[in-house]
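> Just work04.csv, nothing more (CSV, C-alpha atoms):
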chain,number,residue,atom,x,y,z
Q,12,MET,CA,-66.6,-66.7,-14.7
Q,13,ALA,CA,-65.1,-67.3,-18.2
Q,14,LEU,CA,-61.5,-68.6,-18.0
Q,15,THR,CA,-60.3,-67.2,-21.3
Q,16,TYR,CA,-57.3,-65.0,-21.6
Q,17,SER,CA,-57.1,-61.5,-22.9
Q,18,THR,CA,-53.6,-60.2,-23.5
Q,19,ILE,CA,-52.1,-58.3,-20.6
Q,20,GLY,CA,-49.3,-56.7,-22.6
Q,21,ALA,CA,-48.4,-56.6,-26.3
Q,22,ALA,CA,-46.5,-59.6,-27.6
Q,23,ALA,CA,-44.8,-60.4,-30.9
Q,24,TYR,CA,-46.6,-63.7,-31.3
Q,25,THR,CA,-49.9,-65.3,-30.1
Q,26,LEU,CA,-49.8,-69.1,-29.9
Q,27,THR,CA,-52.8,-71.4,-29.8
Q,28,LEU,CA,-52.9,-74.9,-28.5
Q,29,GLU,CA,-52.7,-76.2,-32.1
Q,30,ASP,CA,-49.5,-74.2,-32.7
Q,31,VAL,CA,-47.9,-75.5,-29.6
Q,32,LEU,CA,-48.7,-79.2,-30.4
Q,33,ALA,CA,-47.3,-78.7,-33.9
Q,34,LEU,CA,-44.1,-77.2,-32.6
Q,35,ALA,CA,-43.8,-80.0,-30.0
Q,36,GLN,CA,-43.4,-82.6,-32.8
Q,37,GLY,CA,-39.8,-81.4,-33.1
Q,38,ASN,CA,-39.0,-82.4,-29.5
Q,39,PRO,CA,-35.6,-84.2,-29.5
Q,40,ASN,CA,-37.1,-87.2,-27.6
Q,41,ILE,CA,-39.7,-87.7,-30.4
Q,42,VAL,CA,-37.0,-87.4,-33.1
Q,43,ALA,CA,-34.8,-89.9,-31.2
Q,44,ALA,CA,-37.7,-92.3,-30.9
Q,45,GLN,CA,-38.4,-92.1,-34.6
Q,46,ALA,CA,-34.7,-92.8,-35.3
Q,47,GLN,CA,-35.0,-95.9,-33.2
Q,48,GLN,CA,-38.0,-96.9,-35.2
Q,49,ASP,CA,-36.0,-96.5,-38.4
Q,50,ALA,CA,-33.2,-98.6,-36.9
Q,51,ALA,CA,-35.7,-101.4,-36.0
Q,52,SER,CA,-37.0,-101.2,-39.6
Q,53,ALA,CA,-33.4,-101.7,-40.8
Q,54,ALA,CA,-33.0,-104.6,-38.4
Q,55,LEU,CA,-36.0,-106.3,-39.9
Q,56,GLN,CA,-34.5,-105.9,-43.4
Q,57,THR,CA,-31.3,-107.4,-42.1
Q,58,ALA,CA,-33.1,-110.3,-40.5
Q,59,ARG,CA,-34.8,-111.2,-43.8
Q,60,ALA,CA,-31.5,-111.1,-45.8
Q,61,TYR,CA,-30.0,-114.3,-47.0
Q,62,PRO,CA,-26.5,-115.3,-46.0
Q,63,ASN,CA,-23.8,-114.4,-48.5
Q,64,PRO,CA,-21.8,-117.1,-50.3
Q,65,GLU,CA,-18.1,-117.3,-49.8
Q,66,ALA,CA,-15.7,-117.8,-52.7
Q,67,GLN,CA,-12.1,-118.7,-52.8
Q,68,LEU,CA,-9.7,-118.6,-55.7
Q,69,MET,CA,-6.0,-119.6,-55.5
Q,70,ALA,CA,-3.4,-120.1,-58.3
Q,71,GLY,CA,0.3,-120.7,-58.5
Q,72,PRO,CA,3.1,-122.5,-60.3
Q,73,SER,CA,3.6,-126.2,-59.8
Q,74,LYS,CA,7.1,-127.6,-59.7
Q,75,ALA,CA,7.7,-131.2,-60.5
Q,76,LEU,CA,9.7,-133.1,-57.9
Q,77,ALA,CA,9.7,-136.5,-59.4
Q,78,PRO,CA,11.0,-137.4,-62.9
Q,79,GLY,CA,8.2,-137.6,-65.5
Q,80,THR,CA,5.9,-135.4,-63.4
Q,81,PRO,CA,4.7,-132.4,-65.4
Q,82,GLY,CA,5.0,-128.9,-64.0
Q,83,GLY,CA,3.0,-125.8,-64.8
Q,84,LEU,CA,0.1,-123.7,-63.4
Q,85,SER,CA,-2.1,-125.0,-60.6
Q,86,ALA,CA,-5.4,-123.4,-59.6
Q,87,PHE,CA,-8.1,-123.9,-57.0
Q,88,ALA,CA,-11.6,-122.3,-56.8
Q,89,GLN,CA,-14.3,-123.0,-54.2
Q,90,ILE,CA,-17.7,-121.5,-53.4
Q,91,ALA,CA,-19.5,-122.1,-50.2
Q,92,GLN,CA,-23.2,-121.2,-49.5
Q,93,PRO,CA,-24.5,-121.4,-45.9
Q,94,ILE,CA,-28.0,-122.8,-45.9
Q,95,GLU,CA,-30.3,-121.5,-43.1
Q,96,LEU,CA,-32.8,-123.9,-41.6
Q,97,PRO,CA,-36.4,-122.5,-42.1
Q,98,SER,CA,-37.0,-122.6,-38.4
Q,99,VAL,CA,-34.0,-120.4,-37.7
Q,100,ARG,CA,-34.8,-117.9,-40.4
Q,101,SER,CA,-38.5,-117.6,-39.4
Q,102,SER,CA,-37.6,-117.2,-35.7
Q,103,ARG,CA,-35.1,-114.4,-36.5
Q,104,ALA,CA,-37.7,-112.6,-38.8
Q,105,ARG,CA,-40.4,-112.9,-36.1
Q,106,GLY,CA,-38.1,-111.4,-33.5
Q,107,ALA,CA,-37.2,-108.5,-35.8
Q,108,MET,CA,-40.8,-107.9,-36.7
Q,109,ALA,CA,-41.7,-107.8,-33.0
Q,110,GLY,CA,-38.8,-105.4,-32.5
Q,111,LEU,CA,-40.2,-103.1,-35.1
Q,112,GLU,CA,-43.7,-103.2,-33.5
Q,113,THR,CA,-42.0,-102.4,-30.2
Q,114,ALA,CA,-40.2,-99.5,-31.6
Q,115,GLN,CA,-43.4,-98.1,-33.2
Q,116,ALA,CA,-45.2,-98.4,-29.9
Q,117,ALA,CA,-42.3,-96.7,-28.1
Q,118,THR,CA,-42.5,-93.8,-30.6
Q,119,SER,CA,-46.2,-93.5,-30.0
Q,120,ASN,CA,-45.6,-93.6,-26.2
Q,121,VAL,CA,-42.9,-90.9,-26.3
Q,122,SER,CA,-45.0,-88.8,-28.6
Q,123,LEU,CA,-48.1,-89.1,-26.3
Q,124,ALA,CA,-46.0,-88.1,-23.3
Q,125,ILE,CA,-44.4,-85.1,-25.0
Q,126,LEU,CA,-47.7,-83.8,-26.4
Q,127,ALA,CA,-49.4,-84.3,-23.1
Q,128,GLN,CA,-46.6,-82.3,-21.3
Q,129,ALA,CA,-46.8,-79.6,-24.0
Q,130,LYS,CA,-50.6,-79.4,-23.6
Q,131,GLN,CA,-50.3,-79.2,-19.8
Q,132,ALA,CA,-47.6,-76.5,-20.1
Q,133,PHE,CA,-49.8,-74.5,-22.5
Q,134,TYR,CA,-52.7,-74.6,-20.0
Q,135,GLU,CA,-50.4,-73.8,-17.2
Q,136,ILE,CA,-49.6,-70.6,-19.0
Q,137,LEU,CA,-53.3,-69.9,-19.4
Q,138,ARG,CA,-53.7,-70.6,-15.7
Q,139,ARG,CA,-51.0,-68.1,-14.8
Q,140,GLN,CA,-52.4,-65.5,-17.2
Q,141,ASN,CA,-55.8,-65.8,-15.7
Q,142,GLU,CA,-54.3,-65.4,-12.2
Q,143,ALA,CA,-52.5,-62.3,-13.5
Q,144,GLU,CA,-55.8,-60.9,-14.8
Q,145,VAL,CA,-57.5,-61.6,-11.4
Q,146,ALA,CA,-54.5,-59.9,-9.7
Q,147,ILE,CA,-54.8,-56.9,-11.9
Q,148,GLN,CA,-58.5,-56.6,-11.2
Q,149,ASN,CA,-58.0,-57.1,-7.5
Q,150,GLN,CA,-55.3,-54.3,-7.5
Q,151,ALA,CA,-57.6,-52.0,-9.3
Q,152,LEU,CA,-60.5,-52.6,-6.9
Q,153,LEU,CA,-58.2,-52.2,-3.9
Q,154,GLU,CA,-56.9,-48.9,-5.3
Q,155,GLN,CA,-60.5,-47.7,-5.6
Q,156,ILE,CA,-61.1,-48.7,-2.0
Q,157,ARG,CA,-57.9,-46.9,-0.9
Q,158,ASP,CA,-59.0,-43.8,-2.7
Q,159,ARG,CA,-62.4,-43.8,-1.1
Q,160,VAL,CA,-60.8,-44.4,2.3
Q,161,LYS,CA,-58.4,-41.6,1.7
Q,162,LEU,CA,-61.3,-39.2,0.9
Q,163,ARG,CA,-63.1,-40.2,4.1
Q,164,VAL,CA,-60.0,-39.8,6.1
Q,165,GLU,CA,-59.4,-36.3,4.6
Q,166,THR,CA,-63.0,-35.3,5.5
Q,167,GLY,CA,-62.7,-36.6,9.0
Q,168,GLU,CA,-65.2,-39.4,8.5
Q,169,ALA,CA,-62.7,-42.2,9.2
Q,170,PRO,CA,-59.5,-42.6,11.3
Q,171,ARG,CA,-56.1,-42.6,9.6
Q,172,TYR,CA,-55.4,-46.2,10.4
Q,173,GLU,CA,-58.1,-47.2,7.8
Q,174,PHE,CA,-56.1,-45.5,5.1
Q,175,VAL,CA,-52.9,-47.2,6.3
Q,176,LYS,CA,-54.6,-50.6,6.2
Q,177,ALA,CA,-56.0,-50.0,2.7
Q,178,GLU,CA,-52.6,-48.8,1.4
Q,179,ALA,CA,-51.0,-52.0,2.8
Q,180,GLU,CA,-53.6,-54.1,1.0
Q,181,VAL,CA,-52.8,-52.3,-2.3
Q,182,LEU,CA,-49.1,-53.0,-1.8
Q,183,SER,CA,-49.9,-56.6,-1.2
Q,184,ALA,CA,-52.0,-56.7,-4.4
Q,185,ILE,CA,-49.1,-55.2,-6.4
Q,186,LYS,CA,-46.8,-57.9,-5.1
Q,187,ASN,CA,-49.4,-60.5,-6.1
Q,188,ARG,CA,-49.6,-59.1,-9.6
Q,189,GLU,CA,-45.8,-59.1,-10.0
Q,190,ARG,CA,-45.6,-62.7,-8.7
Q,191,ALA,CA,-48.3,-63.7,-11.2
Q,192,GLN,CA,-46.2,-62.2,-14.0
Q,193,LEU,CA,-43.1,-64.2,-12.8
Q,194,GLN,CA,-45.2,-67.3,-12.7
Q,195,ILE,CA,-46.3,-66.7,-16.3
Q,196,ASN,CA,-42.6,-66.4,-17.3
Q,197,SER,CA,-41.8,-69.6,-15.4
Q,198,ALA,CA,-44.6,-71.5,-17.2
Q,199,LYS,CA,-43.4,-70.2,-20.6
Q,200,SER,CA,-39.9,-71.5,-19.7
Q,201,MET,CA,-41.3,-74.9,-19.0
Q,202,LEU,CA,-43.0,-74.9,-22.5
Q,203,ARG,CA,-39.8,-73.6,-24.1
Q,204,ALA,CA,-37.8,-76.5,-22.5
Q,205,LEU,CA,-40.2,-78.9,-24.3
Q,206,ILE,CA,-40.2,-77.2,-27.7
Q,207,GLY,CA,-36.8,-75.6,-27.9
Q,208,ALA,CA,-35.5,-72.9,-30.1
Q,209,SER,CA,-38.6,-73.1,-32.5
Q,210,LEU,CA,-40.7,-71.4,-29.8
Q,211,PRO,CA,-40.7,-67.6,-30.1
Q,212,ILE,CA,-39.1,-65.7,-27.2
Q,213,ASP,CA,-41.9,-63.2,-26.9
Q,214,PHE,CA,-45.3,-64.8,-27.1
Q,215,GLU,CA,-48.7,-65.0,-25.5
Q,216,ALA,CA,-50.9,-68.0,-25.1
Q,217,LYS,CA,-54.5,-67.7,-26.4
Q,218,GLY,CA,-57.1,-70.3,-25.7
Q,219,LYS,CA,-59.8,-71.6,-23.3
Q,220,LEU,CA,-60.6,-74.7,-21.4
Q,221,ALA,CA,-62.3,-77.5,-23.3
Q,222,VAL,CA,-63.1,-80.1,-20.7
Q,223,PRO,CA,-66.2,-82.3,-21.2
Q,224,LYS,CA,-68.7,-82.4,-18.4
Q,225,ASP,CA,-68.0,-86.0,-17.6
Q,226,VAL,CA,-65.6,-88.9,-18.3
Q,227,PRO,CA,-66.3,-92.7,-18.4
Q,228,SER,CA,-66.4,-94.7,-15.2
Q,229,VAL,CA,-63.1,-95.9,-13.7
Q,230,GLU,CA,-63.9,-99.4,-14.7
Q,231,LYS,CA,-64.4,-98.4,-18.3
Q,232,LEU,CA,-61.2,-96.4,-18.2
Q,233,ARG,CA,-59.2,-99.4,-16.9
Q,234,SER,CA,-60.4,-101.5,-19.8
Q,235,LEU,CA,-59.6,-98.8,-22.3
Q,236,VAL,CA,-56.1,-98.1,-20.9
Q,237,LEU,CA,-55.1,-101.8,-21.1
Q,238,GLU,CA,-56.5,-102.0,-24.6
Q,239,ARG,CA,-55.1,-98.8,-26.1
Q,240,HIS,CA,-52.0,-97.5,-24.3
Q,241,PRO,CA,-48.8,-97.8,-26.4
Q,242,ALA,CA,-46.8,-98.9,-23.3
Q,243,ILE,CA,-48.9,-102.1,-23.2
Q,244,ILE,CA,-48.3,-102.6,-26.9
Q,245,GLN,CA,-44.6,-101.9,-26.4
Q,246,ILE,CA,-44.2,-104.4,-23.6
Q,247,GLN,CA,-46.2,-107.0,-25.4
Q,248,GLY,CA,-43.9,-106.5,-28.4
Q,249,GLN,CA,-40.9,-107.0,-26.1
Q,250,MET,CA,-42.4,-110.3,-24.9
Q,251,ARG,CA,-42.9,-111.5,-28.5
Q,252,GLN,CA,-39.3,-110.4,-29.2
Q,253,ALA,CA,-38.0,-112.4,-26.2
Q,254,GLN,CA,-40.1,-115.4,-27.2
Q,255,ALA,CA,-38.7,-115.3,-30.8
Q,256,GLN,CA,-35.2,-115.0,-29.4
Q,257,LEU,CA,-35.7,-118.1,-27.2
Q,258,ARG,CA,-37.0,-120.1,-30.2
Q,259,LEU,CA,-34.1,-118.8,-32.3
Q,260,GLU,CA,-31.5,-120.0,-29.7
Q,261,GLN,CA,-33.2,-123.4,-29.4
Q,262,ASN,CA,-33.3,-123.8,-33.2
Q,263,LEU,CA,-29.6,-122.9,-33.5
Q,264,ARG,CA,-28.8,-126.1,-31.6
Q,265,TYR,CA,-29.4,-128.0,-34.9
Q,266,PRO,CA,-26.5,-127.9,-37.3
Q,267,GLN,CA,-26.9,-125.7,-40.3
Q,268,PRO,CA,-25.2,-127.1,-43.4
Q,269,THR,CA,-23.0,-125.3,-45.9
Q,270,PHE,CA,-23.1,-126.4,-49.5
Q,271,MET,CA,-19.7,-126.4,-51.1
Q,272,ALA,CA,-18.5,-126.8,-54.6
Q,273,SER,CA,-14.8,-126.7,-55.7
Q,274,PHE,CA,-12.7,-127.0,-58.8
Q,275,GLN,CA,-9.0,-127.9,-58.7
Q,276,ARG,CA,-6.7,-127.8,-61.7
Q,277,ALA,CA,-3.2,-129.4,-61.7
Q,278,PRO,CA,-0.9,-129.5,-64.7
Q,279,ASP,CA,-2.2,-133.0,-65.5
Q,280,LEU,CA,-5.6,-133.1,-63.7
Q,281,ASP,CA,-8.9,-131.3,-63.5
Q,282,GLN,CA,-11.0,-132.1,-60.4
Q,283,TRP,CA,-14.6,-131.2,-59.5
Q,284,LEU,CA,-15.8,-131.7,-55.9
Q,285,PHE,CA,-19.3,-131.1,-54.4
Q,286,GLY,CA,-20.4,-131.6,-50.8
Q,287,PHE,CA,-21.7,-130.2,-47.5
Q,288,ALA,CA,-20.0,-129.0,-44.4
Q,289,ILE,CA,-22.0,-129.6,-41.2
Q,290,PRO,CA,-20.8,-128.4,-37.7
Q,291,LEU,CA,-21.0,-131.1,-35.0
Q,292,PRO,CA,-22.6,-129.7,-31.7
Q,293,LEU,CA,-20.5,-131.9,-29.5
Q,294,TRP,CA,-19.0,-129.5,-26.9
Q,295,ASN,CA,-21.3,-126.5,-27.3
Q,296,GLN,CA,-25.0,-127.1,-27.4
Q,297,ARG,CA,-25.9,-123.5,-26.7
Q,298,GLN,CA,-27.1,-124.2,-23.1
Q,299,GLY,CA,-25.9,-120.7,-22.1
Q,300,PRO,CA,-27.7,-118.6,-24.8
Q,301,ILE,CA,-30.9,-120.7,-24.4
Q,302,ALA,CA,-30.9,-120.1,-20.6
Q,303,ALA,CA,-30.2,-116.4,-21.1
Q,304,ALA,CA,-33.0,-116.1,-23.6
Q,305,ALA,CA,-35.4,-117.9,-21.2
Q,306,ALA,CA,-34.4,-115.4,-18.4
Q,307,GLU,CA,-35.0,-112.5,-20.8
Q,308,LEU,CA,-38.5,-113.9,-21.5
Q,309,LYS,CA,-39.3,-114.1,-17.7
Q,310,GLN,CA,-38.0,-110.6,-17.2
Q,311,SER,CA,-40.2,-109.2,-20.0
Q,312,GLU,CA,-43.3,-111.1,-18.6
Q,313,ALA,CA,-42.6,-109.5,-15.2
Q,314,ALA,CA,-42.2,-106.1,-16.8
Q,315,ALA,CA,-45.4,-106.5,-18.6
Q,316,GLU,CA,-47.3,-107.2,-15.4
Q,317,GLN,CA,-45.6,-104.3,-13.7
Q,318,GLN,CA,-46.5,-101.9,-16.6
Q,319,ARG,CA,-50.1,-103.0,-16.4
Q,320,LEU,CA,-50.2,-102.3,-12.6
Q,321,VAL,CA,-48.6,-98.9,-13.1
Q,322,LEU,CA,-51.1,-97.8,-15.8
Q,323,LEU,CA,-54.0,-99.0,-13.7
Q,324,ARG,CA,-52.8,-97.0,-10.7
Q,325,GLU,CA,-52.2,-93.9,-12.9
Q,326,ILE,CA,-55.7,-94.0,-14.4
Q,327,GLU,CA,-57.3,-94.4,-11.0
Q,328,ILE,CA,-55.3,-91.4,-9.7
Q,329,ALA,CA,-56.2,-89.3,-12.7
Q,330,HIS,CA,-59.9,-90.3,-12.5
Q,331,THR,CA,-59.9,-89.4,-8.8
Q,332,ARG,CA,-58.3,-86.0,-9.4
Q,333,TYR,CA,-60.8,-85.3,-12.2
Q,334,ARG,CA,-63.7,-86.1,-9.9
Q,335,ILE,CA,-62.5,-84.0,-7.0
Q,336,ALA,CA,-61.8,-81.0,-9.3
Q,337,ALA,CA,-65.1,-81.4,-11.0
Q,338,ARG,CA,-67.0,-81.4,-7.7
Q,339,GLN,CA,-65.0,-78.3,-6.6
Q,340,GLU,CA,-65.8,-76.5,-9.9
Q,341,GLU,CA,-69.5,-77.3,-9.5
Q,342,ALA,CA,-69.5,-76.0,-5.9
Q,343,PHE,CA,-68.0,-72.7,-7.0
Q,344,GLU,CA,-70.3,-72.3,-10.0
Q,345,THR,CA,-73.5,-73.2,-8.1
Q,346,GLY,CA,-72.9,-71.0,-5.1
Q,347,LEU,CA,-69.5,-70.0,-3.7
Q,348,LEU,CA,-68.7,-67.4,-6.4
Q,349,LYS,CA,-72.0,-65.7,-6.2
Q,350,GLU,CA,-72.0,-65.8,-2.4
Q,351,ALA,CA,-68.5,-64.3,-2.1
Q,352,GLU,CA,-69.5,-61.5,-4.6
Q,353,TYR,CA,-72.7,-60.8,-2.7
Q,354,ALA,CA,-70.8,-60.7,0.6
Q,355,LEU,CA,-68.4,-58.2,-0.9
Q,356,LYS,CA,-71.2,-55.9,-2.1
Q,357,VAL,CA,-72.9,-56.1,1.3
Q,358,ALA,CA,-69.6,-55.2,3.0
Q,359,GLU,CA,-69.1,-52.3,0.6
Q,360,THR,CA,-72.6,-51.0,1.2
Q,361,ALA,CA,-72.2,-51.3,4.9
Q,362,TYR,CA,-68.9,-49.6,4.9
Q,363,ARG,CA,-70.2,-46.7,2.9
Q,364,GLN,CA,-73.1,-46.3,5.3
Q,365,GLY,CA,-70.8,-46.5,8.3
Q,366,ALA,CA,-72.3,-49.7,9.6
Q,367,ARG,CA,-69.0,-51.6,9.2
Q,368,GLY,CA,-65.3,-50.7,9.4
Q,369,ILE,CA,-62.6,-51.0,6.7
Q,370,LEU,CA,-61.4,-54.3,8.1
Q,371,ASP,CA,-64.7,-56.0,7.3
Q,372,TYR,CA,-64.7,-54.5,3.9
Q,373,LEU,CA,-61.1,-55.7,3.2
Q,374,ASP,CA,-61.8,-59.1,4.6
Q,375,ALA,CA,-64.7,-59.5,2.2
Q,376,GLN,CA,-62.5,-58.4,-0.7
Q,377,ARG,CA,-59.8,-60.9,0.4
Q,378,ILE,CA,-62.4,-63.7,0.6
Q,379,TYR,CA,-63.7,-62.8,-2.8
Q,380,GLN,CA,-60.2,-62.8,-4.3
Q,381,THR,CA,-59.4,-66.2,-2.6
Q,382,VAL,CA,-62.6,-67.8,-4.0
Q,383,ARG,CA,-61.9,-66.6,-7.5
Q,384,GLN,CA,-58.4,-67.9,-7.2
Q,385,ASP,CA,-59.6,-71.3,-5.9
Q,386,TYR,CA,-62.1,-71.5,-8.8
Q,387,ILE,CA,-59.3,-71.0,-11.3
Q,388,ASN,CA,-57.3,-73.7,-9.6
Q,389,ALA,CA,-60.2,-76.1,-9.6
Q,390,ARG,CA,-60.9,-75.6,-13.3
Q,391,PHE,CA,-57.3,-76.0,-14.3
Q,392,ASP,CA,-56.8,-79.0,-12.0
Q,393,LYS,CA,-59.7,-80.6,-13.8
Q,394,GLN,CA,-58.1,-79.8,-17.2
Q,395,MET,CA,-54.8,-81.3,-16.1
Q,396,ALA,CA,-56.5,-84.5,-14.9
Q,397,TYR,CA,-58.4,-84.7,-18.2
Q,398,ILE,CA,-55.2,-84.3,-20.2
Q,399,GLU,CA,-53.6,-87.2,-18.1
Q,400,ILE,CA,-56.7,-89.3,-18.9
Q,401,GLU,CA,-56.3,-88.5,-22.6
Q,402,ARG,CA,-52.6,-89.6,-22.4
Q,403,LEU,CA,-53.5,-92.8,-20.7
Q,404,LEU,CA,-56.2,-93.6,-23.2
Q,405,ALA,CA,-53.9,-92.7,-26.1
Q,406,SER,CA,-56.4,-90.2,-27.4
Q,407,ASP,CA,-55.6,-87.7,-30.1
Q,408,LEU,CA,-54.0,-84.7,-28.4
Let's see the structure in the file written out as structure tokens.

Amino acid sequence: MALTYSTIGAAAYTLTLEDVLALAQGNPNIVAAQAQQDAASAALQTARAYPNPEAQLMAGPSKALAPGTPGGLSAFAQIAQPIELPSVRSSRARGAMAGLETAQAATSNVSLAILAQAKQAFYEILRRQNEAEVAIQNQALLEQIRDRVKLRVETGEAPRYEFVKAEAEVLSAIKNRERAQLQINSAKSMLRALIGASLPIDFEAKGKLAVPKDVPSVEKLRSLVLERHPAIIQIQGQMRQAQAQLRLEQNLRYPQPTFMASFQRAPDLDQWLFGFAIPLPLWNQRQGPIAAAAAELKQSEAAAEQQRLVLLREIEIAHTRYRIAARQEEAFETGLLKEAEYALKVAETAYRQGARGILDYLDAQRIYQTVRQDYINARFDKQMAYIEIERLLASDL
């Protein structure tokens, strides 16, 4: 049974998976993450900037108070240049660089999540469209059965309750078809919520499943997840950022000098002065900021371990889901579908020959419909699990 979609009704647009992923790049969360990355890049530029000098200029008249003292114009000019210790500057730069790496990993993580959700939403539409196709085919078949039963009832070959039963099955099939169409609209709404206004209102999804026959072992997947996933890179960047902040606070305990040069002019004197201003860490030795930075580092280390455990649990769950769905798919393809179809043909033949009643025929049709539906569910469950594995492995979606 090929799970490709043929359009049920005419639509203004037909979207492929590539179209959907391209439109998903405009998701507000991705745009916001990219803006945060730009902010982190600006923070790195700020961290590398040198402190600005400070200049003072003052002038005014001088009035002699003692006899023989000249009066006139007095002026004072001073420039002060803070001098950063190399340890302080390097710690601040390392922290900003780690912040930029963290923001880049966060952007990748958000992008992976959004693209994975868009891909799952796209395949959900395909799933519902396939269910609608099956519902339409089932309705058509039940209508054929009803017409045959009606003919037999009119010729007196079957009691009227068989036609009533067949008509009830047709009505149930019509409800199933209408429900399938509603589920298609709901799936489209989920995709539209991810993409936004750039997604056309009237569209049909076109595509097919592309799941490989197998995936690596769970042990291999664990190793790849811890190596590739942006969340791991992000949390490691946060740890480096916290470490750099702790070193910065520790280095700030040491006084940073300020070079000063001044010129003073009095009516009878010109004076040049050069020197350094050094703060004395007598009362505040930054015990509080250092302790806070150390606590932030412990918190980031704990968050890193928690993130690692979460990703390992998620990859194990996704791998288990994939294996279960793959086994179900294989069971349907190797026997269940053919057996259900064969049972339907046997029941149809027996009903035509009068060996079985309408109930047996309709039960066989219902079983065949259920098996086809379960096969669709198994294939799409496998696809959803594979997309989740792709996201956790940070593969190209």
> Residues within 9 Å of segment 34-50 of chain Q, please, as a ChimeraX atom specification. Count only C-alpha atoms; anything in the same chain fewer than 4 positions from it doesn't count.
/Q:29-30,54-55,110-115,117-119,121-122,125-126,129,205-207,209-210
> Would you mind exporting C-alpha atoms of the selected residues as a compact mmCIF listing (two decimals), in the frame of the given file?

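Full text of part17.txt as output:
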# COMPACT_ATOMS: atom_id res chain seq x y z
CA GLU Q 29 -52.70 -76.20 -32.10
CA ASP Q 30 -49.50 -74.20 -32.70
CA ALA Q 54 -33.00 -104.60 -38.40
CA LEU Q 55 -36.00 -106.30 -39.90
CA GLY Q 110 -38.80 -105.40 -32.50
CA LEU Q 111 -40.20 -103.10 -35.10
CA GLU Q 112 -43.70 -103.20 -33.50
CA THR Q 113 -42.00 -102.40 -30.20
CA ALA Q 114 -40.20 -99.50 -31.60
CA GLN Q 115 -43.40 -98.10 -33.20
CA ALA Q 117 -42.30 -96.70 -28.10
CA THR Q 118 -42.50 -93.80 -30.60
CA SER Q 119 -46.20 -93.50 -30.00
CA VAL Q 121 -42.90 -90.90 -26.30
CA SER Q 122 -45.00 -88.80 -28.60
CA ILE Q 125 -44.40 -85.10 -25.00
CA LEU Q 126 -47.70 -83.80 -26.40
CA ALA Q 129 -46.80 -79.60 -24.00
CA LEU Q 205 -40.20 -78.90 -24.30
CA ILE Q 206 -40.20 -77.20 -27.70
CA GLY Q 207 -36.80 -75.60 -27.90
CA SER Q 209 -38.60 -73.10 -32.50
CA LEU Q 210 -40.70 -71.40 -29.80
> Find the residues near Tyr362 of chain Q: any atom within 12 Å, counting all atoms listed in the file, skip ones fewer than 4 places away on the same chain, and give them as a ChimeraX atom specification.
/Q:156,159-160,163,168-169,173,355-358,366-375
> Go ahead and save the residues from that selection, with C-alpha atoms, as an mmCIF file, in the coordinates of the input.

data_model
loop_
_atom_site.group_PDB
_atom_site.id
_atom_site.type_symbol
_atom_site.label_atom_id
_atom_site.label_comp_id
_atom_site.auth_asym_id
_atom_site.auth_seq_id
_atom_site.Cartn_x
_atom_site.Cartn_y
_atom_site.Cartn_z
ATOM 1 C CA ILE Q 156 -61.100 -48.700 -2.000
ATOM 2 C CA ARG Q 159 -62.400 -43.800 -1.100
ATOM 3 C CA VAL Q 160 -60.800 -44.400 2.300
ATOM 4 C CA ARG Q 163 -63.100 -40.200 4.100
ATOM 5 C CA GLU Q 168 -65.200 -39.400 8.500
ATOM 6 C CA ALA Q 169 -62.700 -42.200 9.200
ATOM 7 C CA GLU Q 173 -58.100 -47.200 7.800
ATOM 8 C CA LEU Q 355 -68.400 -58.200 -0.900
ATOM 9 C CA LYS Q 356 -71.200 -55.900 -2.100
ATOM 10 C CA VAL Q 357 -72.900 -56.100 1.300
ATOM 11 C CA ALA Q 358 -69.600 -55.200 3.000
ATOM 12 C CA ALA Q 366 -72.300 -49.700 9.600
ATOM 13 C CA ARG Q 367 -69.000 -51.600 9.200
ATOM 14 C CA GLY Q 368 -65.300 -50.700 9.400
ATOM 15 C CA ILE Q 369 -62.600 -51.000 6.700
ATOM 16 C CA LEU Q 370 -61.400 -54.300 8.100
ATOM 17 C CA ASP Q 371 -64.700 -56.000 7.300
ATOM 18 C CA TYR Q 372 -64.700 -54.500 3.900
ATOM 19 C CA LEU Q 373 -61.100 -55.700 3.200
ATOM 20 C CA ASP Q 374 -61.800 -59.100 4.600
ATOM 21 C CA ALA Q 375 -64.700 -59.500 2.200
#
> For Leu347 of chain Q, which residue among Q:Leu320, Q:Ala116, Q:Val382, Q:Ala315 is the nearest when counting all atoms listed in the file?
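Comparing Q:Leu320, Q:Ala116, Q:Val382, Q:Ala315 against Leu347 of chain Q, the winner is Q:Val382.
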> In terms of the shortest atom-to-atom distance over all atoms listed in the file, which of Q:Ala86, Q:Ala342, Q:Ala255, Q:Val31 is closest to Pro278 of chain Q?
Q:Ala86
> Record the distance separating atom CA of Ile400 of chain Q and atom CA of Leu202 of chain Q, expressed in Å with one decimal.
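A separation of 20.2 Å between them.
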> At what distance in Å, to one decimal, does atom CA of Glu401 of chain Q lie from atom CA of Arg239 of chain Q?
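Computed distance, atom CA of Arg239 of chain Q to atom CA of Glu401 of chain Q, equals 10.9 Å.
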> Find the residues near Leu235 of chain Q: any atom within 10 Å, counting all atoms listed in the file, skip ones fewer than 4 places away on the same chain, and give them as a list in words.
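So, after excluding close chain neighbours, the residues are Pro227, Val229, Glu230, Lys231, Arg239, His240, Leu403, Leu404 and Ala405 of chain Q.
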> With only C-alpha atoms as the basis for distance, which of Q:Glu316, Q:Glu65, Q:Asp225, Q:Asp279 is at the shortest distance from Met250 of chain Q?
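Comparing Q:Glu316, Q:Glu65, Q:Asp225, Q:Asp279 against Met250 of chain Q, the winner is Q:Glu316.
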> Report as a VMD selection string all protein, DNA and RNA residues lying within 12 Å of Lys309 of chain Q, evaluated on only C-alpha atoms, omitting residues in the same chain fewer than 5 positions from it.
chain Q and resid 249 to 251 253 to 254 257 302 to 304 314 to 316
